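Student: I am attaching a structure below and will ask some questions about it afterwards.
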Amino acid sequence: MKKGHLIIYWISTLWLALGMVATGTLQLLKAEAKGALAPPGVYGITHLGYPVYFLPILGVWKILGVVALLIPKFALLKEWAYAGFFFIMSGAIFSHIASGDPASEIWPSLLLLTLTVLSWYFRPADRKIISVN
């Protein structure tokens, strides 16, 4: 693997992990986050039309996904974490669009979605599923 690819992988993965842990912790603790739509705390999640009990579910899965990405081996588990992050972030983007939120509220989710794709694309061979044909 090229050194540049490895640098892109680790920068995007660590930034993704930081973003997911930060937002996941906020959601796990059901922080009020008055006036903040992105990342959604209680105020943002109700604004988007979701029930408050959805917050700790998102928080737990985000934190577990970060653990899966950062531990060595377990390539299949990493694929599931990437897929989960992709679904969560693309769902957040479309939820903000459907709610008529301004573009400034969409950028955090779009950034995390981009970091997810970059981290997945540039991951080293030992973090990929090996196809058996």
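Naming works like this for the structure tokens: A, B, ... for the chains as they're shown, residue 1 at the start of each chain, ligands 1 onward in shown order.
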Please report, as a Markdown table, each residue of segment 28-71 of chain A lying at most 12 Å from segment 110-125 of chain A, together with the nearest pair of atoms and the separation in Å rounded to one decimal; use only C-alpha atoms, and order rows by chain and ascending residue number.
Tutor:
```
| residue | atom | partner | partner_atom | distance |
| --- | --- | --- | --- | --- |
| A:Ala38 | CA | A:Leu110 | CA | 10.7 |
| A:Pro39 | CA | A:Leu112 | CA | 10.7 |
| A:Lys62 | CA | A:Leu112 | CA | 11.7 |
| A:Gly65 | CA | A:Thr116 | CA | 11.3 |
| A:Val66 | CA | A:Thr116 | CA | 11.0 |
| A:Leu69 | CA | A:Ser119 | CA | 9.5 |
| A:Leu70 | CA | A:Ser119 | CA | 11.3 |
```
Student: Store the residues picked out above, limited to all heavy atoms, as an mmCIF file, in the first residue's frame.
Tutor:
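Ended up saving to again-v7.cif:
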```cif
data_model
loop_
_atom_site.group_PDB
_atom_site.id
_atom_site.type_symbol
_atom_site.label_atom_id
_atom_site.label_comp_id
_atom_site.auth_asym_id
_atom_site.auth_seq_id
_atom_site.Cartn_x
_atom_site.Cartn_y
_atom_site.Cartn_z
ATOM 1 N N ALA A 38 -27.748 19.804 14.292
ATOM 2 C CA ALA A 38 -26.724 18.858 13.863
ATOM 3 C C ALA A 38 -25.506 19.011 14.752
ATOM 4 O O ALA A 38 -24.960 20.105 14.820
ATOM 5 C CB ALA A 38 -26.346 19.107 12.413
ATOM 6 N N PRO A 39 -25.058 17.990 15.445
ATOM 7 C CA PRO A 39 -25.668 16.672 15.581
ATOM 8 C C PRO A 39 -26.886 16.750 16.486
ATOM 9 O O PRO A 39 -26.907 17.560 17.410
ATOM 10 C CB PRO A 39 -24.568 15.838 16.223
ATOM 11 C CG PRO A 39 -23.783 16.807 17.019
ATOM 12 C CD PRO A 39 -23.824 18.091 16.236
ATOM 13 N N LYS A 62 -23.062 3.990 17.279
ATOM 14 C CA LYS A 62 -21.927 4.785 16.795
ATOM 15 C C LYS A 62 -20.654 4.433 17.562
ATOM 16 O O LYS A 62 -19.589 4.236 16.971
ATOM 17 C CB LYS A 62 -22.214 6.283 16.928
ATOM 18 C CG LYS A 62 -23.139 6.821 15.877
ATOM 19 C CD LYS A 62 -23.344 8.321 16.069
ATOM 20 C CE LYS A 62 -24.221 8.910 15.004
ATOM 21 N NZ LYS A 62 -24.363 10.378 15.187
ATOM 22 N N GLY A 65 -19.465 1.038 16.640
ATOM 23 C CA GLY A 65 -18.893 1.091 15.300
ATOM 24 C C GLY A 65 -17.467 1.616 15.305
ATOM 25 O O GLY A 65 -16.603 1.116 14.589
ATOM 26 N N VAL A 66 -17.205 2.620 16.133
ATOM 27 C CA VAL A 66 -15.843 3.161 16.252
ATOM 28 C C VAL A 66 -14.902 2.099 16.807
ATOM 29 O O VAL A 66 -13.789 1.920 16.313
ATOM 30 C CB VAL A 66 -15.830 4.433 17.129
ATOM 31 C CG1 VAL A 66 -14.415 4.824 17.505
ATOM 32 C CG2 VAL A 66 -16.525 5.571 16.408
ATOM 33 N N LEU A 69 -14.043 -0.286 14.087
ATOM 34 C CA LEU A 69 -13.102 0.241 13.095
ATOM 35 C C LEU A 69 -11.672 0.287 13.610
ATOM 36 O O LEU A 69 -10.730 0.084 12.854
ATOM 37 C CB LEU A 69 -13.501 1.656 12.664
ATOM 38 C CG LEU A 69 -14.709 1.801 11.776
ATOM 39 C CD1 LEU A 69 -14.841 3.249 11.319
ATOM 40 C CD2 LEU A 69 -14.651 0.883 10.576
ATOM 41 N N LEU A 70 -11.505 0.558 14.880
ATOM 42 C CA LEU A 70 -10.159 0.798 15.403
ATOM 43 C C LEU A 70 -9.431 -0.447 15.892
ATOM 44 O O LEU A 70 -8.206 -0.457 15.932
ATOM 45 C CB LEU A 70 -10.205 1.845 16.515
ATOM 46 C CG LEU A 70 -10.655 3.250 16.085
ATOM 47 C CD1 LEU A 70 -10.661 4.199 17.272
ATOM 48 C CD2 LEU A 70 -9.786 3.791 14.952
#
```
Student: When you look at segment 74-76 of chain A with a cut-off of 7 Å (counting only C-alpha atoms), what residues show up, excluding the ones that are within fewer than 6 positions of it in the same chain? I need them as a list in words.
Tutor: Arg127, Lys128 and Ile129 of chain A
Student: Could you pull out the residues in chain A that DSSP calls helix (DSSP H, G or I) from the backbone, as number ranges by chain?
Tutor: A: 3-28, 42-47, 54-70, 75-98, 103-121, 125-127
Student: Quick one: everything within 12 Å of Pro102 of chain A, counting only C-alpha atoms, minus sequence neighbours fewer than 4 positions away in the same chain. Send it as a list in words.
Tutor: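 Final neighbour list, sorted by chain and number: Leu37, Ala38, Ile93, Ser95, His96, Ile97, Ala98, Ile106 and Trp107 of chain A.
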Student: Which one is closest to Glu105 of chain A: A:Gly19, A:Gly84, A:Pro72, A:Gly44? Count only C-alpha atoms.
Tutor: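 Among A:Gly19, A:Gly84, A:Pro72, A:Gly44, it is A:Gly44 that comes nearest to Glu105 of chain A.
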Student: Would you pick out the contacts of Tyr53 of chain A at 12 Å or less, using only C-alpha atoms, so that residues sharing its chain but fewer than 4 positions from it are not included, and give the list as a ChimeraX atom specification?
Tutor: /A:27-30,41-42,45-46,49,57-60
Student: Kindly indicate which residue among A:Tyr43, A:Ala17, A:Leu6, A:Met89 lies nearest to Ile71 of chain A, using only C-alpha atoms for the distances.
Tutor: A:Ala17
